[in-house]
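> Provided herewith: target.cif, mmCIF, C-alpha atoms.
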data_final
loop_
_atom_site.label_atom_id
_atom_site.label_comp_id
_atom_site.auth_asym_id
_atom_site.auth_seq_id
_atom_site.Cartn_x
_atom_site.Cartn_y
_atom_site.Cartn_z
CA MET J 1 -3.97 25.90 -2.40
CA ALA J 2 -6.64 27.26 -4.73
CA GLY J 3 -7.10 25.20 -7.84
CA GLU J 4 -4.79 22.44 -6.63
CA ALA J 5 -7.24 20.18 -4.84
CA SER J 6 -10.82 19.91 -3.74
CA PHE J 7 -12.76 18.18 -0.96
CA HIS J 8 -15.37 15.60 -1.92
CA ALA J 9 -18.02 14.29 0.42
CA GLY J 10 -17.44 10.66 -0.53
CA ALA J 11 -15.69 7.84 1.27
CA GLU J 12 -12.38 9.64 1.00
CA PRO J 13 -12.83 13.43 0.85
CA GLU J 14 -10.26 15.65 -0.81
CA LEU J 15 -8.80 18.98 0.26
CA ALA J 16 -8.28 22.53 -0.92
CA THR J 17 -8.65 26.04 0.49
CA VAL J 18 -9.90 28.96 -1.59
CA GLU J 19 -10.86 31.88 0.62
CA PRO J 20 -8.76 32.87 3.65
CA GLY J 21 -10.02 31.54 6.94
CA ARG J 22 -12.54 29.08 5.53
CA LEU J 23 -12.39 25.88 3.52
CA ALA J 24 -14.67 26.47 0.55
CA GLU J 25 -15.53 22.76 0.43
CA THR J 26 -17.65 23.06 3.57
CA ALA J 27 -20.29 24.57 1.29
CA SER J 28 -20.56 21.21 -0.49
CA VAL J 29 -21.69 19.51 2.74
CA PRO J 30 -24.30 21.94 4.10
CA TRP J 31 -25.92 19.18 6.19
CA ARG J 32 -22.80 18.94 8.34
CA HIS J 33 -22.36 21.37 11.21
CA ARG J 34 -18.95 22.80 11.97
CA PRO J 35 -17.96 20.77 15.05
CA ASP J 36 -16.60 22.07 18.31
CA ALA J 37 -14.97 19.97 21.03
CA ARG J 38 -18.34 19.15 22.62
CA ALA J 39 -19.85 18.03 19.32
CA LEU J 40 -16.88 15.78 18.65
CA ARG J 41 -17.21 14.24 22.11
CA ARG J 42 -20.85 13.44 21.39
CA ARG J 43 -19.92 11.93 18.03
CA GLY J 44 -17.22 9.85 19.68
CA TRP J 45 -19.62 8.49 22.28
CA ARG J 46 -22.14 7.66 19.56
CA TRP J 47 -19.40 5.75 17.77
CA THR J 48 -18.61 3.86 20.98
CA ALA J 49 -22.30 3.15 21.60
CA TRP J 50 -22.69 1.78 18.07
CA THR J 51 -19.64 -0.47 18.51
CA VAL J 52 -20.97 -1.77 21.83
CA ALA J 53 -24.38 -2.39 20.28
CA ILE J 54 -22.81 -4.52 17.53
CA SER J 55 -20.43 -6.43 19.82
CA THR J 56 -22.70 -7.12 22.80
CA PRO J 57 -25.02 -9.67 21.12
CA PHE J 58 -22.05 -11.97 20.55
CA PHE J 59 -21.23 -11.94 24.28
CA VAL J 60 -24.89 -12.45 25.17
CA VAL J 61 -25.13 -15.43 22.82
CA ALA J 62 -21.97 -16.90 24.37
CA GLY J 63 -23.46 -16.61 27.86
CA VAL J 64 -26.79 -18.10 26.84
CA LEU J 65 -25.12 -21.05 25.14
CA ILE J 66 -23.02 -21.83 28.22
CA ALA J 67 -26.10 -21.56 30.44
CA LEU J 68 -28.11 -23.90 28.23
CA GLU J 69 -25.42 -26.44 27.52
CA PRO J 70 -21.86 -26.32 28.92
CA MET J 71 -20.78 -28.65 26.10
CA LEU J 72 -21.35 -25.73 23.72
CA PHE J 73 -18.31 -24.02 25.23
CA PRO J 74 -16.33 -24.10 21.93
CA VAL J 75 -19.18 -22.32 20.14
CA SER J 76 -19.30 -19.77 22.96
CA ILE J 77 -15.59 -19.08 22.53
CA TRP J 78 -16.19 -18.53 18.80
CA SER J 79 -18.95 -16.03 19.60
CA VAL J 80 -16.79 -14.16 22.14
CA ALA J 81 -13.97 -13.98 19.60
CA HIS J 82 -16.28 -12.30 17.12
CA GLY J 83 -17.39 -9.78 19.73
CA VAL J 84 -13.77 -8.94 20.55
CA ALA J 85 -12.78 -8.73 16.89
CA ILE J 86 -15.30 -6.06 15.93
CA PRO J 87 -13.65 -3.13 17.84
CA ALA J 88 -10.24 -4.37 16.67
CA LEU J 89 -11.36 -4.33 13.04
CA TYR J 90 -12.73 -0.80 13.40
CA ALA J 91 -9.43 0.32 14.95
CA ARG J 92 -7.48 -1.33 12.14
CA ARG J 93 -9.56 0.43 9.52
CA GLY J 94 -9.01 3.75 11.28
CA ALA J 95 -5.26 3.23 11.56
CA ARG J 96 -4.98 2.24 7.90
CA SER J 97 -6.83 5.38 6.79
CA VAL J 98 -3.68 7.31 7.75
CA VAL J 99 -0.76 6.66 5.37
CA PRO J 100 2.61 7.75 6.81
CA LEU J 101 5.26 9.18 4.55
CA GLY J 102 7.63 6.41 3.46
CA SER J 103 5.32 3.53 4.38
CA ALA J 104 4.72 0.57 2.10
CA ARG J 105 1.46 2.22 0.98
CA SER J 106 3.09 5.61 0.37
CA SER J 107 3.59 7.00 -3.12
CA ALA J 108 7.06 8.29 -2.18
CA GLY J 109 8.78 5.31 -3.77
CA ARG J 110 7.23 6.13 -7.16
CA GLU J 111 8.15 9.82 -7.29
CA ASP J 112 11.17 11.61 -8.68
CA PRO J 113 13.85 11.57 -5.94
CA ALA J 114 14.85 15.20 -6.49
CA ALA J 115 11.23 16.38 -6.34
CA GLY J 116 10.72 14.29 -3.23
CA ARG J 117 13.70 15.83 -1.46
CA MET J 118 12.56 19.34 -2.37
CA ALA J 119 9.01 18.63 -1.15
CA LEU J 120 10.36 17.21 2.10
CA GLY J 121 12.47 20.33 2.57
CA LEU J 122 9.45 22.56 2.04
CA LEU J 123 7.48 20.48 4.54
CA GLY J 124 10.32 20.89 7.02
CA ASP J 125 10.08 24.66 6.62
CA LEU J 126 6.39 24.54 7.54
CA VAL J 127 6.84 22.66 10.81
CA GLY J 128 8.94 23.22 13.90
CA HIS J 129 12.11 21.37 14.81
CA GLU J 130 10.26 18.78 16.90
CA SER J 131 7.78 17.94 14.16
CA ARG J 132 10.55 17.90 11.55
CA GLU J 133 12.40 15.16 13.41
CA LEU J 134 9.15 13.29 13.98
CA VAL J 135 8.20 13.20 10.30
CA GLU J 136 11.65 11.95 9.38
CA THR J 137 11.43 9.02 11.78
CA THR J 138 7.71 8.20 11.79
CA GLY J 139 6.31 9.66 8.55
CA LEU J 140 3.67 11.71 10.41
CA VAL J 141 3.47 15.43 11.15
CA LEU J 142 2.31 16.59 14.58
CA GLU J 143 0.20 19.74 14.73
CA ARG J 144 -1.52 21.17 17.81
CA GLY J 145 -4.99 22.55 17.19
CA GLU J 146 -8.09 23.81 18.92
CA LEU J 147 -9.72 20.38 18.92
CA GLY J 148 -6.66 18.44 20.08
CA VAL J 149 -3.37 17.22 18.67
CA TRP J 150 -3.38 16.16 15.03
CA LEU J 151 -1.15 13.67 13.22
CA LEU J 152 -1.12 14.10 9.46
CA GLY J 153 0.04 11.57 6.92
CA GLU J 154 0.31 11.58 3.17
CA ARG J 155 -3.34 10.54 3.29
CA GLY J 156 -5.53 10.67 6.38
CA ALA J 157 -5.26 12.25 9.81
CA MET J 158 -5.53 11.32 13.48
CA LEU J 159 -6.85 13.56 16.23
CA VAL J 160 -5.76 12.83 19.78
CA ARG J 161 -8.24 14.43 22.14
CA SER J 162 -7.46 16.27 25.38
CA GLY J 163 -6.02 13.85 27.93
CA GLY J 164 -4.79 11.48 25.24
CA ARG J 165 -7.15 8.60 26.01
CA ARG J 166 -9.31 8.89 22.87
CA THR J 167 -8.13 9.09 19.28
CA GLU J 168 -10.14 9.71 16.14
CA CYS J 169 -9.04 8.69 12.66
CA TRP J 170 -10.14 10.76 9.68
CA CYS J 171 -10.20 9.80 6.02
CA VAL J 172 -8.95 12.75 3.97
CA ARG J 173 -6.66 13.29 1.02
CA ILE J 174 -5.61 15.77 -1.65
CA GLY J 175 -7.54 15.40 -4.88
CA ASP J 176 -5.87 15.32 -8.29
CA ALA J 177 -2.55 14.78 -6.55
CA SER J 178 -1.11 12.00 -8.69
CA GLU J 179 1.80 14.20 -9.76
CA LEU J 180 2.48 15.65 -6.31
CA PRO J 181 5.36 14.32 -4.21
CA ALA J 182 4.19 12.60 -1.04
CA ALA J 183 5.57 15.32 1.24
CA ASP J 184 3.68 17.96 -0.76
CA ARG J 185 0.43 16.13 -0.03
CA ILE J 186 1.12 16.38 3.69
CA SER J 187 1.99 20.05 3.27
CA HIS J 188 -1.36 20.73 1.60
CA LEU J 189 -3.23 18.92 4.36
CA LEU J 190 -1.27 20.85 6.96
CA LEU J 191 -1.99 24.21 5.34
CA ALA J 192 -5.68 23.35 5.06
CA LEU J 193 -5.78 22.35 8.73
CA ARG J 194 -4.09 25.59 9.78
CA GLU J 195 -6.38 27.61 7.55
CA ASP J 196 -9.62 26.20 8.96
CA GLU J 197 -9.41 23.40 11.52
CA LEU J 198 -13.15 23.23 12.08
CA GLY J 199 -13.76 23.15 8.34
CA PHE J 200 -11.20 20.37 8.03
CA ALA J 201 -13.10 18.33 10.61
CA THR J 202 -16.41 19.19 8.95
CA VAL J 203 -15.56 17.81 5.54
CA ALA J 204 -13.28 14.92 6.51
CA ASN J 205 -14.93 11.57 7.24
CA MET J 206 -14.39 9.97 10.63
CA ASP J 207 -13.27 6.35 10.27
CA PHE J 208 -12.77 5.51 13.93
CA SER J 209 -13.24 6.98 17.39
CA GLY J 210 -12.11 5.07 20.44
CA ALA J 211 -9.35 4.19 22.83
CA THR J 212 -5.91 5.37 21.80
CA TRP J 213 -4.34 2.03 22.69
CA ARG J 214 -6.54 0.28 20.16
CA VAL J 215 -5.33 2.51 17.35
CA ARG J 216 -1.70 2.28 18.45
CA ARG J 217 -1.73 -1.54 18.25
CA ARG J 218 -2.89 -1.34 14.62
CA MET J 219 -0.42 1.31 13.47
CA GLU J 220 2.85 0.61 11.69
CA ARG J 221 5.53 0.10 14.30
CA ARG J 222 7.71 2.97 13.07
CA SER J 223 4.78 5.42 13.36
CA ARG J 224 3.78 4.57 16.92
CA PRO J 225 6.22 7.08 18.50
CA ALA J 226 4.30 9.84 16.69
CA LEU J 227 1.10 8.79 18.45
CA ASP J 228 2.99 8.62 21.75
CA ALA J 229 4.24 12.18 21.18
CA ALA J 230 0.72 13.35 20.35
CA VAL J 231 -0.63 11.75 23.53
CA ASP J 232 2.06 13.50 25.61
CA ALA J 233 1.19 16.82 23.95
CA ALA J 234 -2.55 16.25 24.55
CA LYS J 235 -1.90 15.54 28.22
CA ARG J 236 0.06 18.77 28.57
CA GLY J 237 -2.82 20.66 26.99
#
For the structure just supplied, provide its representation as structure tokens.

Amino acid sequence: MAGEASFHAGAEPELATVEPGRLAETASVPWRHRPDARALRRRGWRWTAWTVAISTPFFVVAGVLIALEPMLFPVSIWSVAHGVAIPALYARRGARSVVPLGSARSSAGREDPAAGRMALGLLGDLVGHESRELVETTGLVLERGELGVWLLGERGAMLVRSGGRRTECWCVRIGDASELPAADRISHLLLALREDELGFATVANMDFSGATWRVRRRMERRSRPALDAAVDAAKRG
């Protein structure tokens, strides 16, 4: 993957591997520690704590208004709705950071059909039979890793943690990939993940961490079976 892409530490990092066993782009983010499962758990709980801290005041305001004046019930409902909407909006942003192959936001419709078929065939050679069928039906590639079970799209990735109850969404893409078929972009992400999973998680930006069911509700309907398969794999360990 050398020379084909590069990670950036911006809102949407980009990928490439240079030396075997290590993503060279980790050197561009020296302030980030290579995460292990425990570090990711702590980060996930911090994300949850931040979400609770933002949402809770709306529920408190609703309760205070009802206590002061029951006639303010409609305003209280408005406040509760805002508190409920905040986690849903975070989950939606996380789900949208992952672009499945063949989705409305995919670049597959703008590529040369022959190149697209060849790229899809090469992607199929990289994954097992189970993942090959999954990418054809859902647009996402399933890959088991040290940190959990990953789902890779043309852009972005999801990580289903052990037990399947928590899912993290990561913003990551291939840089300078305008001429690459969509399936090739997934292949590059997959190779980078296999080369250095911890480096992948170091450079990629986390867009969401929370309950799997929240993410599933915000995913495209055709891609939900991929998340279900990842949850089953995470439960099996």
> Could you tell me, as a ChimeraX atom specification, exactly which residues end up selected when the PyMOL selection byres ((chain J and resi 124-137) around 10) is applied to this structure?
/J:100-102,118-123,138-143,151-153,183,187,190-191,222-223,225-226,229
> In terms of the shortest atom-to-atom distance over only C-alpha atoms, which of J:Ala39, J:Val84, J:Met158, J:Val61 is closest to J:Val99?
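Selected residue with least distance to J:Val99: J:Met158.
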> Between J:Arg117, J:Arg42, J:Arg194, J:Arg216, which residue has the minimum interatomic distance to J:Pro181, considering only C-alpha atoms?
J:Arg117
> Output the residue selection produced by the PyMOL selection byres ((chain J and resi 87-98) around 8) on the file above, formatted as an MDAnalysis selection string.
chainID J and resid 51 55 83:86 99:100 152:158 168:171 207:208 210 214:216 218:219
> Could you jot down the atom CA of J:Ile77 to atom CA of J:Thr56 separation for me, Å, one decimal place?
13.9 Å
